[in-house]
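This is input-v3.cif. It holds mmCIF, C-alpha atoms.
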```
data_data
loop_
_atom_site.label_atom_id
_atom_site.label_comp_id
_atom_site.auth_asym_id
_atom_site.auth_seq_id
_atom_site.Cartn_x
_atom_site.Cartn_y
_atom_site.Cartn_z
CA MET A 1 37.67 37.04 11.24
CA PRO A 2 34.64 35.16 9.93
CA LYS A 3 31.47 35.37 11.91
CA THR A 4 29.83 32.25 13.26
CA GLU A 5 26.10 31.91 13.68
CA GLY A 6 26.83 32.34 17.38
CA ASP A 7 28.14 35.81 16.61
CA LEU A 8 25.05 36.48 14.57
CA LEU A 9 22.62 35.40 17.25
CA GLY A 10 24.32 36.68 20.34
CA ARG A 11 25.51 35.09 23.53
CA ASP A 12 22.09 34.69 25.04
CA PHE A 13 20.84 32.51 22.28
CA ALA A 14 21.98 29.10 23.56
CA ARG A 15 20.90 29.87 27.11
CA ARG A 16 17.50 31.08 26.03
CA LEU A 17 17.07 28.15 23.67
CA ARG A 18 17.81 25.75 26.50
CA ALA A 19 15.38 27.54 28.75
CA GLU A 20 12.63 27.48 26.13
CA LEU A 21 13.07 23.84 25.18
CA ASP A 22 13.43 22.71 28.78
CA ARG A 23 10.01 24.21 29.39
CA VAL A 24 8.59 21.90 26.77
CA ARG A 25 7.15 18.92 28.54
CA PRO A 26 7.39 15.80 26.41
CA ARG A 27 4.08 14.10 25.94
CA TYR A 28 4.59 10.58 27.10
CA SER A 29 2.45 7.80 25.83
CA SER A 30 3.04 4.11 25.70
CA PRO A 31 5.92 3.29 23.36
CA ARG A 32 4.46 2.45 19.99
CA TYR A 33 7.40 0.35 18.95
CA THR A 34 6.37 -2.26 21.50
CA LEU A 35 2.99 -2.49 19.77
CA SER A 36 4.36 -2.65 16.25
CA PRO A 37 4.08 -6.11 14.74
CA VAL A 38 7.33 -7.94 14.36
CA ARG A 39 7.98 -8.69 10.73
CA ASN A 40 7.48 -12.39 10.35
CA PRO A 41 9.27 -13.92 7.38
CA LEU A 42 6.38 -16.39 7.02
CA ARG A 43 3.69 -13.70 6.90
CA PHE A 44 3.20 -14.22 3.18
CA ALA A 45 3.07 -18.01 3.46
CA PRO A 46 -0.76 -18.28 3.22
CA VAL A 47 -0.82 -16.11 0.13
CA ALA A 48 1.99 -18.11 -1.46
CA LEU A 49 0.20 -21.35 -0.59
CA CYS A 50 -3.04 -20.16 -2.19
CA ALA A 51 -1.18 -19.01 -5.29
CA ALA A 52 0.60 -22.34 -5.57
CA LEU A 53 -2.68 -24.25 -5.22
CA ALA A 54 -4.31 -22.10 -7.86
CA GLY A 55 -1.37 -22.68 -10.17
CA ILE A 56 -1.50 -26.44 -9.67
CA LEU A 57 -5.24 -26.46 -10.30
CA ALA A 58 -4.83 -24.43 -13.47
CA LEU A 59 -2.05 -26.64 -14.73
CA SER A 60 -3.93 -29.85 -14.02
CA GLY A 61 -7.04 -28.39 -15.64
CA PHE A 62 -5.08 -27.53 -18.71
CA MET A 63 -3.47 -30.96 -18.81
CA ALA A 64 -6.81 -32.74 -18.43
CA THR A 65 -8.83 -30.75 -20.93
CA GLY A 66 -6.20 -29.32 -23.21
CA SER A 67 -7.90 -25.97 -23.04
CA PRO A 68 -6.73 -22.88 -21.22
CA ASN A 69 -10.32 -21.78 -20.69
CA PRO A 70 -11.45 -22.25 -17.07
CA VAL A 71 -15.05 -22.68 -18.24
CA VAL A 72 -14.02 -25.85 -20.01
CA TRP A 73 -12.39 -27.06 -16.83
CA THR A 74 -15.53 -26.53 -14.82
CA GLN A 75 -17.63 -28.28 -17.47
CA ARG A 76 -15.25 -31.18 -17.32
CA VAL A 77 -15.48 -31.27 -13.56
CA VAL A 78 -19.30 -31.23 -13.75
CA THR A 79 -19.25 -34.04 -16.25
CA VAL A 80 -16.95 -36.14 -14.15
CA ILE A 81 -18.99 -35.55 -11.02
CA GLU A 82 -22.34 -36.25 -12.66
CA ALA A 83 -21.15 -39.39 -14.41
CA PRO A 84 -20.93 -41.60 -11.29
CA SER A 85 -24.35 -40.47 -10.10
CA SER A 86 -25.97 -41.34 -13.45
CA THR A 87 -24.37 -44.79 -13.62
CA GLY A 88 -25.43 -45.60 -10.08
CA ALA A 89 -29.19 -45.27 -10.81
CA PRO A 90 -29.85 -45.75 -14.52
CA PRO A 91 -33.19 -44.33 -15.68
CA PRO A 92 -35.78 -46.80 -17.04
CA ALA A 93 -35.99 -44.96 -20.35
CA GLN A 94 -32.63 -46.38 -21.26
CA ASP A 95 -34.10 -49.91 -21.13
CA GLU A 96 -36.75 -49.12 -23.74
CA HIS A 97 -34.31 -47.70 -26.20
CA GLU A 98 -31.08 -49.39 -26.82
CA PRO A 99 -28.50 -47.63 -24.69
CA GLY A 100 -25.71 -46.35 -26.76
CA PRO A 101 -23.88 -43.26 -27.70
CA ALA A 102 -26.23 -42.54 -30.57
CA ALA A 103 -29.29 -42.61 -28.32
CA ALA A 104 -28.32 -39.52 -26.41
CA PRO A 105 -29.11 -37.00 -29.16
CA SER A 106 -32.53 -38.55 -29.73
CA HIS A 107 -33.37 -38.14 -26.03
CA GLU A 108 -32.41 -34.56 -26.24
CA ALA A 109 -34.49 -34.12 -29.37
CA GLU A 110 -37.47 -35.75 -27.65
CA SER A 111 -37.23 -33.56 -24.66
CA LYS A 112 -36.90 -30.53 -26.86
CA ALA A 113 -39.85 -31.54 -28.94
CA SER A 114 -41.97 -32.20 -25.87
CA ARG A 115 -41.20 -28.69 -24.67
CA ASP A 116 -42.38 -27.39 -28.05
CA GLY A 117 -45.71 -29.29 -27.79
CA SER A 118 -45.31 -31.58 -30.81
CA GLU A 119 -45.35 -35.40 -30.87
CA PRO A 120 -42.32 -36.86 -29.22
CA ARG A 121 -42.03 -39.78 -31.68
CA GLU A 122 -41.93 -37.57 -34.73
CA SER A 123 -38.64 -37.40 -36.38
CA PRO A 124 -37.42 -35.55 -39.42
CA GLU A 125 -37.61 -38.81 -41.41
CA ALA A 126 -41.35 -39.25 -40.71
CA ALA A 127 -42.10 -35.82 -41.97
CA GLU A 128 -40.71 -36.59 -45.39
CA PRO A 129 -43.49 -38.90 -46.78
CA PRO A 130 -46.18 -36.18 -46.92
CA GLU A 131 -43.84 -34.15 -49.00
CA ALA A 132 -43.47 -37.15 -51.38
CA ALA A 133 -47.28 -37.58 -51.65
CA GLU A 134 -47.65 -34.02 -52.76
CA SER A 135 -45.33 -34.60 -55.63
CA PRO A 136 -46.93 -35.04 -59.09
CA GLU A 137 -45.31 -38.40 -59.68
CA PRO A 138 -48.05 -40.61 -58.07
CA ALA A 139 -50.66 -39.02 -60.38
CA GLU A 140 -48.73 -40.03 -63.39
CA SER A 141 -48.13 -43.59 -62.32
CA PRO A 142 -51.63 -45.01 -63.12
CA GLU A 143 -51.32 -43.99 -66.72
CA PRO A 144 -48.71 -46.53 -67.66
CA GLY A 145 -50.83 -49.23 -65.98
CA GLU A 146 -53.85 -48.30 -68.01
CA SER A 147 -51.89 -48.13 -71.18
CA ALA A 148 -50.42 -51.57 -70.60
CA GLU A 149 -53.70 -53.34 -70.33
CA PRO A 150 -54.92 -52.27 -73.76
CA THR A 151 -51.66 -53.29 -75.22
CA ASP A 152 -52.18 -56.75 -73.78
CA ASP A 153 -55.64 -56.84 -75.26
CA HIS A 154 -54.38 -55.79 -78.60
CA SER A 155 -51.56 -58.26 -78.58
CA GLY A 156 -53.61 -61.37 -78.94
CA SER A 157 -55.92 -62.08 -76.01
CA GLY A 158 -58.72 -60.24 -77.64
CA GLY A 159 -58.06 -61.85 -80.98
CA GLY A 160 -57.90 -65.39 -80.09
CA MET B 1 25.56 13.11 23.30
CA SER B 2 23.89 11.30 26.12
CA GLU B 3 25.59 7.91 26.01
CA PRO B 4 28.42 6.34 24.08
CA SER B 5 27.15 4.36 21.18
CA ASP B 6 29.14 1.27 22.13
CA GLU B 7 26.81 0.67 25.05
CA TYR B 8 24.03 -0.38 22.71
CA ARG B 9 23.91 -3.74 21.02
CA PRO B 10 22.06 -3.90 17.71
CA GLY B 11 18.96 -6.04 17.97
CA SER B 12 18.84 -6.04 21.75
CA LYS B 13 15.37 -5.23 22.99
CA GLU B 14 16.66 -4.20 26.40
CA ASP B 15 19.14 -1.80 24.86
CA PHE B 16 16.48 -0.28 22.66
CA ASP B 17 14.26 0.21 25.67
CA ARG B 18 17.11 2.03 27.34
CA LEU B 19 17.70 4.11 24.23
CA TYR B 20 14.02 5.02 24.20
CA ARG B 21 14.01 6.09 27.83
CA THR B 22 17.13 8.18 27.36
CA SER B 23 16.48 9.69 23.98
CA TYR B 24 12.72 10.14 23.80
CA PRO B 25 12.61 13.51 25.64
CA ARG B 26 15.57 14.84 23.67
CA VAL B 27 14.20 13.76 20.31
CA TYR B 28 10.79 15.10 21.26
CA ARG B 29 12.23 18.51 22.11
CA THR B 30 14.09 18.60 18.81
CA LEU B 31 10.85 18.01 16.98
CA ALA B 32 9.08 20.50 19.21
CA ALA B 33 11.41 23.12 17.75
CA ILE B 34 10.45 22.03 14.23
CA LEU B 35 6.73 21.35 14.58
CA SER B 36 4.32 23.74 16.22
CA ASP B 37 1.78 21.07 17.09
CA PRO B 38 2.68 19.08 20.25
CA GLU B 39 0.60 16.13 19.11
CA ALA B 40 2.42 16.10 15.80
CA ALA B 41 5.75 16.20 17.61
CA GLU B 42 4.69 13.24 19.71
CA ASP B 43 3.41 11.34 16.70
CA CYS B 44 6.57 11.90 14.72
CA THR B 45 8.77 10.97 17.68
CA GLN B 46 6.85 7.76 18.23
CA ASP B 47 6.95 6.96 14.54
CA ALA B 48 10.68 7.55 14.50
CA PHE B 49 11.19 5.07 17.32
CA VAL B 50 8.96 2.55 15.58
CA GLN B 51 11.07 2.84 12.43
CA ALA B 52 14.26 2.68 14.46
CA PHE B 53 13.05 -0.41 16.27
CA GLN B 54 12.25 -2.14 13.02
CA ALA B 55 15.77 -1.40 11.78
CA TRP B 56 17.46 -1.89 15.13
CA LYS B 57 19.14 -5.13 14.04
CA ARG B 58 20.78 -3.29 11.15
CA TRP B 59 22.02 -0.39 13.21
CA ARG B 60 25.82 -0.12 13.17
CA PRO B 61 27.48 1.01 16.38
CA ASP B 62 29.93 3.22 14.50
CA ALA B 63 27.27 5.94 14.48
CA PRO B 64 25.73 7.26 17.73
CA ALA B 65 22.36 5.66 18.32
CA GLU B 66 20.67 8.87 19.36
CA ALA B 67 21.98 10.69 16.28
CA TRP B 68 20.59 7.84 14.19
CA VAL B 69 17.17 8.19 15.82
CA HIS B 70 17.40 11.97 15.38
CA ARG B 71 17.97 11.46 11.69
CA ILE B 72 14.86 9.33 11.37
CA ALA B 73 12.84 11.76 13.46
CA VAL B 74 13.90 14.86 11.55
CA ASN B 75 13.09 13.18 8.25
CA ARG B 76 9.73 12.20 9.65
CA ALA B 77 9.10 15.79 10.77
CA ILE B 78 10.05 17.09 7.33
CA SER B 79 7.54 14.72 5.74
CA TYR B 80 4.92 15.79 8.26
CA ARG B 81 5.43 19.48 7.56
CA ARG B 82 5.24 18.87 3.84
CA SER B 83 1.96 17.04 4.14
CA ALA B 84 0.67 19.57 6.69
CA LYS B 85 1.31 22.35 4.19
CA LEU B 86 -0.88 20.56 1.66
CA ARG B 87 -3.55 19.97 4.29
CA SER B 88 -3.53 23.62 5.30
CA LEU B 89 -4.07 24.64 1.70
CA GLY B 90 -7.09 22.38 1.60
CA GLU B 91 -8.36 23.86 4.85
CA ILE B 92 -8.01 27.38 3.47
CA MET B 93 -9.97 26.40 0.41
CA ARG B 94 -12.74 24.90 2.53
CA ARG B 95 -12.95 27.82 4.95
CA LEU B 96 -13.19 30.52 2.33
CA GLY B 97 -15.85 32.97 3.47
CA ARG B 98 -16.18 31.49 6.96
CA PRO B 99 -14.94 33.10 10.19
CA THR B 100 -11.43 32.09 11.15
CA PRO B 101 -11.16 29.90 14.27
CA THR B 102 -9.71 31.52 17.37
CA ALA B 103 -6.40 30.32 18.75
CA ASP B 104 -6.22 28.20 21.86
CA PRO B 105 -5.11 30.36 24.85
CA ALA B 106 -3.19 27.41 26.25
CA ASP B 107 -1.09 27.27 23.11
CA ALA B 108 -0.41 30.98 23.29
CA ALA B 109 0.81 30.64 26.86
CA VAL B 110 3.62 28.26 25.97
CA ARG B 111 4.48 29.94 22.70
CA SER B 112 7.67 31.91 22.60
CA ASP B 113 9.24 34.15 20.02
CA LEU B 114 12.30 31.97 19.81
CA LEU B 115 10.42 28.73 19.23
CA THR B 116 8.08 30.46 16.80
CA ALA B 117 11.06 31.74 14.86
CA LEU B 118 12.67 28.28 14.89
CA ARG B 119 9.48 26.66 13.63
CA ALA B 120 9.30 29.18 10.82
CA LEU B 121 12.68 28.05 9.54
CA PRO B 122 13.07 25.19 7.10
CA PRO B 123 13.18 22.00 9.20
CA ARG B 124 16.74 21.13 8.28
CA LEU B 125 17.97 24.51 9.48
CA SER B 126 16.07 24.46 12.74
CA ALA B 127 17.17 20.88 13.38
CA ALA B 128 20.81 21.90 12.94
CA ILE B 129 20.39 24.79 15.36
CA VAL B 130 18.74 22.64 18.03
CA LEU B 131 21.23 19.82 17.69
CA ARG B 132 24.07 22.28 18.03
CA HIS B 133 22.91 24.68 20.70
CA TYR B 134 20.53 22.55 22.73
CA HIS B 135 22.00 19.06 22.51
CA GLY B 136 25.61 20.18 22.12
CA TYR B 137 26.38 18.03 19.09
CA THR B 138 29.53 18.70 17.15
CA ASN B 139 29.38 19.41 13.44
CA ARG B 140 30.46 15.85 12.80
CA GLU B 141 27.68 14.47 14.96
CA ILE B 142 25.13 16.74 13.33
CA ALA B 143 26.38 15.58 9.94
CA ALA B 144 25.91 11.98 11.04
CA ALA B 145 22.49 12.75 12.45
CA LEU B 146 21.21 14.56 9.38
CA GLY B 147 23.03 12.46 6.81
CA VAL B 148 24.94 15.35 5.23
CA SER B 149 28.52 16.54 5.10
CA GLU B 150 30.09 18.67 7.78
CA ARG B 151 30.41 21.51 5.30
CA THR B 152 26.68 21.37 4.67
CA VAL B 153 26.09 21.46 8.41
CA GLY B 154 28.20 24.59 8.68
CA THR B 155 26.31 26.22 5.85
CA ARG B 156 22.97 25.37 7.41
CA LEU B 157 24.00 26.70 10.79
CA HIS B 158 25.14 29.94 9.24
CA GLN B 159 21.95 30.34 7.20
CA ALA B 160 19.83 29.58 10.24
CA GLY B 161 21.75 32.12 12.32
CA GLU B 162 21.25 34.83 9.75
CA ARG B 163 17.54 34.16 9.39
CA LEU B 164 16.96 34.01 13.13
CA ARG B 165 18.79 37.29 13.62
CA VAL B 166 16.59 38.95 11.04
CA VAL B 167 13.42 37.52 12.55
CA LEU B 168 14.28 38.05 16.20
CA GLY B 169 15.71 41.52 15.59
CA THR B 170 16.78 43.21 18.78
CA SER B 171 15.88 40.27 20.99
CA PHE B 172 19.46 39.11 20.81
CA GLN B 173 22.46 41.32 21.11
CA PRO B 174 25.68 40.38 19.35
CA GLY B 175 27.96 38.87 21.89
CA ALA B 176 31.24 37.13 22.34
CA ALA B 177 31.77 33.80 20.64
CA GLU B 178 33.07 32.17 23.81
CA ALA B 179 29.58 32.27 25.23
CA PHE B 180 28.84 29.24 23.08
CA PRO B 181 30.49 26.11 24.40
CA SER B 182 30.45 24.53 21.01
CA ASP B 183 32.67 27.26 19.60
CA ASN B 184 35.62 25.83 21.50
CA ARG B 185 35.51 22.72 19.39
CA GLU B 186 35.13 23.86 15.82
CA LEU B 187 34.15 26.72 13.62
CA TYR B 188 31.19 26.83 11.31
CA ALA B 189 31.25 27.48 7.62
CA LYS B 190 32.90 30.68 6.61
CA ASP B 191 31.12 33.44 4.78
#
```
If you took the structure in this file and wrote it as structure tokens, what would it be?
Amino acid sequence: MPKTEGDLLGRDFARRLRAELDRVRPRYSSPRYTLSPVRNPLRFAPVALCAALAGILALSGFMATGSPNPVVWTQRVVTVIEAPSSTGAPPPAQDEHEPGPAAAPSHEAESKASRDGSEPRESPEAAEPPEAAESPEPAESPEPGESAEPTDDHSGSGGG
Amino acid sequence: MSEPSDEYRPGSKEDFDRLYRTSYPRVYRTLAAILSDPEAAEDCTQDAFVQAFQAWKRWRPDAPAEAWVHRIAVNRAISYRRSAKLRSLGEIMRRLGRPTPTADPADAAVRSDLLTALRALPPRLSAAIVLRHYHGYTNREIAAALGVSERTVGTRLHQAGERLRVVLGTSFQPGAAEAFPSDNRELYAKD
């Protein structure tokens, strides 16, 4: 006849096990399951909302600028925001120079030149004439004039 | 088993409260036979009820509710013992060369050879022994509680019996099988 684990342990085992475990006093504390948060199906709603907003912003930024670079989007936003403020109070400097698209680079060049300490009105075109004066051509130009006068004298004024 | 499973309605807070009141001491004592630390037994029992409460709507009444909670609790105790073993290794490494701490006399007062031997067993074996001989579960109920087959339950009970006999030695004398009420219902795995 096969032995059970009851045969192996003896008849006192179950009684002694009951006695030992009945002596164990359960430690009662407040049920934790009453404190556990109920799983709300909408608990991820704020995260999903933020992700959707970010996605819409990225898509609109890409549509407006044609660039996937967020830096370009921010530059575009800065440009759009600064544009109304500049048109509301136009600076007087724009009255002196003719306002136009081509005037903007010259303003930037002036401001840059003023930071460097040079004359603001100087332009690359004004710097070219000194280079032309240094060329040897003006020294040669009087010679044909001098040679022409004698030819006139020799042609007939002196003779008659 | 304490109560028929058909008295509980899945998802009912009142029924879960009743299950907690009925089953908490029994589940705690099962884990007290697996874990040597009373605080750990309490923690694991509470965690088991938290997990059971979160899955209470999905509980199917075809399985006994207390066996279902026992299954969660035993798995939790197994995880705890596994992590405690790693922690104890770390403690040994840290305490190398230092004097060993003395045991708490209060713990020694409630310690028994039988519980010490049960706690030295693998948790699945000690859980099977407690469910059988303390709670009076049948092999089928233990199988449902531990999530294994009845044959596996029989094997575990036999292995646990052999190990306990070796550890306890002459503390237990071989006796008649009819001393165990569970033996009237079914036999364990054969050798």
The PyMOL selection byres ((chain B and resi 60) around 12) applied to the shown file, residues as a PyMOL selection string: chain B and resi 5-11+52+55-59+61-65+67-68
Matched chain/residue IDs from the PyMOL selection byres ((chain B and resi 39) around 12), as a VMD selection string: (chain A and resid 25 to 29) or (chain B and resid 28 31 to 32 35 to 38 40 to 46 77 80 107)
Straight-line distance linking CA of Arg119 (chain B) with CA of Val153 (chain B), stated in Å to one decimal: 18.2 Å
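Each of B:Leu96, B:Val148, B:Val74, B:Ile129 was compared to chain A using all atoms listed in the file, and B:Ile129 turns out to be the nearest.
Among the candidates B:Gln54, B:Ser88, B:Thr116, B:Ser149, the one nearest to chain A when counting all atoms listed in the file is B:Gln54.
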Spatial neighbours of Arg23 (chain A), max dist 10 Å, only C-alpha atoms, sep filter under 4 positions, as an MDAnalysis selection string: (chainID A and resid 17:19) or (chainID B and resid 29 110)
C-alpha atoms of the current selection, written as a PDB file, in the coordinates of the input:
```
ATOM      1  CA  LEU A  17      17.070  28.150  23.670  1.00  0.00           C
ATOM      2  CA  ARG A  18      17.810  25.750  26.500  1.00  0.00           C
ATOM      3  CA  ALA A  19      15.380  27.540  28.750  1.00  0.00           C
TER       4      ALA A  19
ATOM      5  CA  ARG B  29      12.230  18.510  22.110  1.00  0.00           C
ATOM      6  CA  VAL B 110       3.620  28.260  25.970  1.00  0.00           C
TER       7      VAL B 110
END
```
CA of Ile78 (chain B) to CA of Val167 (chain B), straight-line distance in Å: 21.4 Å
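Nearest residue to Leu35 (chain A) among B:Arg21, B:Ser12, B:Asp47, B:Arg156 is B:Asp47, counting all atoms listed in the file.
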